[in-house]
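Report on the structure given below.
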Amino acid sequence: MLQTKIHNITLKNPVMTASGTFGYGEEFADFVDLNKLGGIVVKGTTGDRRQGNPYPRMAETPSGMLNAVGLQNVGVETFCKDVYHRIKDLDTNIIVNVSGSSIEEYCKTAAMIDKLDKIPAIELNISCPNVKKGGMGFGTDPAMAAQVVSEVRKIYHKTLIVKLTPNVTSVVEIAKAVEGAGADSVSLINTMLGMAIDVEKQRPYLSTITGGLSGPAVKPVAVRMVWQVAHAVSIPVIGLGGIASAADALEFLMAGAKAIQVGTANFIDPSITMKIIDGLEDYCKRHSINDINDIIGII
Amino acid sequence: MKKHITDFKIVKKKVYNATYFALTLQHPSTLPEIEAGQFVEVEIPGNKHVMLRRPISIHDVDSEKSQLTLLVQVVGKGTKTLSQMEEGETLNLVYPLGRGFSQEGKEVLLVGGGAGIAPMLHLSKCLSAKGTHCTILLGGRSATMIPVQEEFRPYGDVYFATEDGSLGEKGLVTQHSVFGAEYDHIYTCGPTPMMKAVARHAMEKGIECEVSLENMMACGVGACLCCVVDSDEGHKCVCKDGPVFNAKRLTNWIKK
């Protein structure tokens, strides 16, 4: 009933977890049956180990939060040697979010992940707002976005998802550019660039001054962008941004997303993904829907 | 140690003053084992401006009654909302989180300052049950800022240091007459400058020292990487690798 497809990957259900909000899945194993998930997008992985930005990296804002983690991760070599072997036998789609500061770095990481049998896809992160070099820079210019995607496409042979930033005038233009460069799917939205100031201390909350806004606050923007992109490209769209309930997930599906990712909501209720899956099943029963695909893109 | 997500009932609320209150929470069945120094992430109900859970250290555990107590300092919107909750209401907790105190040492000093007093009660209980002799030194700006005092008496020799001299010796905990005595282990939780001073002293004297940090958190389980401390091995999550760290792993942090 809930089965869906992204390119040639079959998902048990459309519910995936968003990169950077679910660790490597293991952190949530006490709360979630990981094998019930449609997919897990693991922490953004870079060519070398990264320390990320200094503390403080987080600020709560109305219906959302700002973060400036800055891609802290173990690096692709440790991921392949160590982390991969701990999670590879999970009965779900494990997708690696690939981040970087240069085309060479994206390619190095993607090539190493390409060799891992149990990783059916990568999510190319050309949209991280929290790194000085690269990151969002690649995702805000259609020509640069196309260039990085086409270079990675040459060396990566499985499903290539490209994660898009909302911090652009026309997300459709970027989506079309990466589709043209060989992307198999796009996921959107990454966080929105934001800022918050502690007026008592008269300084920004984040060590980096600006950071990425996530949570329910961004959801209407995300739904709008998913809807626009889903009508403009023919590759499958994965929707994310503030999803915290089955109803939220359904909005994205109806707007045209073939699958969705749950991010910040995992911090508030670590078992939320199970509730969303149950809620989708319940919705389908109540509305006599035999195949969730019947409501995808109905708007 | 398995983590849980559970609805607890508030069975007792004790208001010490405008800053401190304690909530005793009843588990619906059997409370799992909890290490001294671990914490909970509390969902804050009914305040639309508070989305994230709040990390609160575990003050006391009563395994027989399946109850735990949180000692809370009102510091912001989340803790303010929590302070308005009443007996009979429900709180959802994700727990037990993080790594607690090692409970090593035979002749130990516990130094708690302000809200950092909270984890010291459960710790002193656990240590004294093992036959460890505890010297318990609690500090604050004034007597009212040390909300829990007598509760510690059964578990060790209790001393106080207040900046205004309203309770115990006048001055900081590090200036107290028992602070410099011989110990083989020091446990501390409280304001960062206090913990750094305690850790510096311990390292100079070659005493094992464990500090319990309190960084801003989102997830509480090591996924979001927001609460990191700059440890000697790089950024470590306070929620998962801590909140308790051996001071030897934090020499960079202590120096700053």
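By convention in this document, the chains of the structure tokens carry letters A, B, ... by their order, each chain's residues are numbered from 1, and ligands are numbered from 1 in the order they are shown.
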
Considering only C-alpha atoms, return as a list in words whatever protein or nucleic-acid residues lie within 10 Å of A:Lys118, sequence-local ones (same chain, fewer than 6 positions apart) excluded.
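So, after excluding close chain neighbours, the residues are Tyr84, His85, Ile87, Lys88, Asp89, Leu90, Asp91, Thr92, Asn93, Ile94 and Ile95 of chain A.
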
Please, which residues of stretch 13-224 of chain A, numbered as in this document, come out strand (DSSP E or B) from DSSP, as number ranges by chain?
A: 15-17, 39-45, 50, 58-61, 64-67, 73, 93-98, 121-125, 159-163, 185-188, 192-195, 197-198, 203-204, 210-214

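Considering the residues B:Ile136, B:Ala129, B:Val111, B:Val42 and counting only C-alpha atoms, B:Val94 has its shortest atom-to-atom contact with B:Val42.
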
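Between atom CA of A:Ile243 and atom CA of A:Thr264 lies a distance of 8.0 Å.
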
So what do you get for atom CA of A:Thr273 versus atom CA of B:Gly242, distance-wise?
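Straight-line distance from atom CA of A:Thr273 to atom CA of B:Gly242 works out to 26.4 Å.
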
Please identify every residue of chain A that has at least one atom no farther than 10 Å from an atom of chain B, counting only C-alpha atoms, and for each give the shortest atom pair and the distance in Å to one decimal, arranged by chain then increasing number, as CSV.
residue,atom,partner,partner_atom,distance
A:Ser19,CA,B:Cys224,CA,9.5
A:Gly20,CA,B:Cys224,CA,6.0
A:Thr21,CA,B:Cys224,CA,5.3
A:Phe22,CA,B:Ala223,CA,5.3
A:Gly23,CA,B:Ala223,CA,4.3
A:Tyr24,CA,B:Ala223,CA,7.9
A:Gly25,CA,B:Ala223,CA,8.6
A:Glu26,CA,B:Ala223,CA,9.2
A:Glu27,CA,B:Val221,CA,6.1
A:Phe28,CA,B:Val221,CA,7.7
A:Ala29,CA,B:Lys3,CA,9.1
A:Asp30,CA,B:Lys3,CA,5.8
A:Phe31,CA,B:His4,CA,7.0
A:Val42,CA,B:Ala223,CA,9.9
A:Lys43,CA,B:Ala223,CA,8.5
A:Arg50,CA,B:Gly234,CA,9.5
A:Gln51,CA,B:His235,CA,6.3
A:Gly52,CA,B:His235,CA,8.1
A:Asn53,CA,B:His235,CA,9.3
A:Pro54,CA,B:Asp230,CA,7.9
A:Tyr55,CA,B:Val228,CA,6.3
A:Pro56,CA,B:Cys226,CA,7.3
A:Arg57,CA,B:Cys226,CA,5.3
A:Met58,CA,B:Cys226,CA,5.8
A:Ala59,CA,B:Met216,CA,8.3
A:Glu60,CA,B:Leu52,CA,7.3
A:Thr61,CA,B:His49,CA,7.7
A:Pro62,CA,B:His49,CA,5.5
A:Ser63,CA,B:Met51,CA,6.1
A:Gly64,CA,B:Met51,CA,7.0
A:Met65,CA,B:Leu52,CA,8.5
A:Asn67,CA,B:Cys226,CA,7.3
A:Ala68,CA,B:Cys226,CA,7.9
A:Val69,CA,B:Cys226,CA,6.2
A:Gly70,CA,B:Leu225,CA,9.6
A:Leu71,CA,B:Leu225,CA,9.3
A:Gln72,CA,B:Leu225,CA,7.6
A:Asn73,CA,B:Leu225,CA,9.4
A:Gly215,CA,B:Met51,CA,9.0
A:Pro216,CA,B:Met51,CA,9.5
A:Gly263,CA,B:Cys224,CA,9.8
A:Thr264,CA,B:Cys219,CA,8.6
A:Ala265,CA,B:Leu52,CA,9.0
A:Asn266,CA,B:Cys219,CA,7.4
A:Phe267,CA,B:Cys219,CA,4.2
A:Ile268,CA,B:Leu52,CA,5.6
A:Asp269,CA,B:Val94,CA,8.5
A:Pro270,CA,B:Cys219,CA,8.1
A:Ser271,CA,B:Ile5,CA,8.3

Closest to A:Tyr205 among A:Leu66, A:Glu251, A:Ile298, A:Leu160, using only C-alpha atoms?
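The answer is A:Leu66, which sits nearest to A:Tyr205.
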
Show me, as a ChimeraX atom specification, the residues that have an atom within 9 Å of B:Cys209 when counting only C-alpha atoms, minus same-chain residues fewer than 3 positions from it.
/B:184-188,198-199,202-203,206,245-248

Run DSSP on the backbone and tell me which residues of stretch 7-178 of chain A come out as alpha helix (DSSP H); list them as JSON, numbers by chain.
{"A": [76, 77, 78, 84, 85, 86, 87, 103, 104, 105, 106, 107, 108, 109, 110, 111, 112, 113, 114, 136, 137, 138, 139, 142, 143, 144, 145, 146, 147, 148, 149, 150, 151, 152, 153, 154, 155, 171, 172, 173, 174, 175, 176, 177, 178]}

Compile the contact shell of B:Thr135 as a VMD selection string: residues with an atom at most 7 Å away, counting only C-alpha atoms, same-chain residues fewer than 6 positions apart removed.
chain B and resid 108 to 110 156 to 158

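Restricting the calculation to only C-alpha atoms, the smallest distance between B:Leu68 and any of B:Pro32, B:Pro55, B:Gly88, B:Gly98 is found for B:Pro32.
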
Proximity check stretch 89-109 of chain B to stretch 11-29 of chain B, 9 Å, nearest pairs one decimal Å, only C-alpha atoms, as JSON lines:
{"residue": "B:Glu89", "atom": "CA", "partner": "B:Val11", "partner_atom": "CA", "distance": 8.2}
{"residue": "B:Thr90", "atom": "CA", "partner": "B:Leu25", "partner_atom": "CA", "distance": 8.7}
{"residue": "B:Leu91", "atom": "CA", "partner": "B:Leu25", "partner_atom": "CA", "distance": 8.1}

Let me see the file: selected residues, N, CA and C atoms, as a PDB file, in the first residue's frame.
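Output file part-v2.pdb is given in full below:
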ATOM      1  N   GLU B  89      -0.125  16.161  36.540  1.00  0.00           N
ATOM      2  CA  GLU B  89       0.090  16.338  35.095  1.00  0.00           C
ATOM      3  C   GLU B  89       1.146  15.360  34.586  1.00  0.00           C
ATOM      4  N   THR B  90       1.193  15.216  33.270  1.00  0.00           N
ATOM      5  CA  THR B  90       2.069  14.233  32.652  1.00  0.00           C
ATOM      6  C   THR B  90       3.246  14.911  31.955  1.00  0.00           C
ATOM      7  N   LEU B  91       4.405  14.282  32.065  1.00  0.00           N
ATOM      8  CA  LEU B  91       5.590  14.768  31.353  1.00  0.00           C
ATOM      9  C   LEU B  91       6.170  13.619  30.545  1.00  0.00           C
TER      10      LEU B  91
END

If you count only C-alpha atoms, which residues fall within 9 Å of stretch 229-241 of chain A, apart from same-chain ones fewer than 3 positions away, as number ranges by chain?
A: 5-7, 14, 18, 161, 163, 171-173, 175-176, 179, 183-191, 214-226, 249, 252-253, 255-264, 297
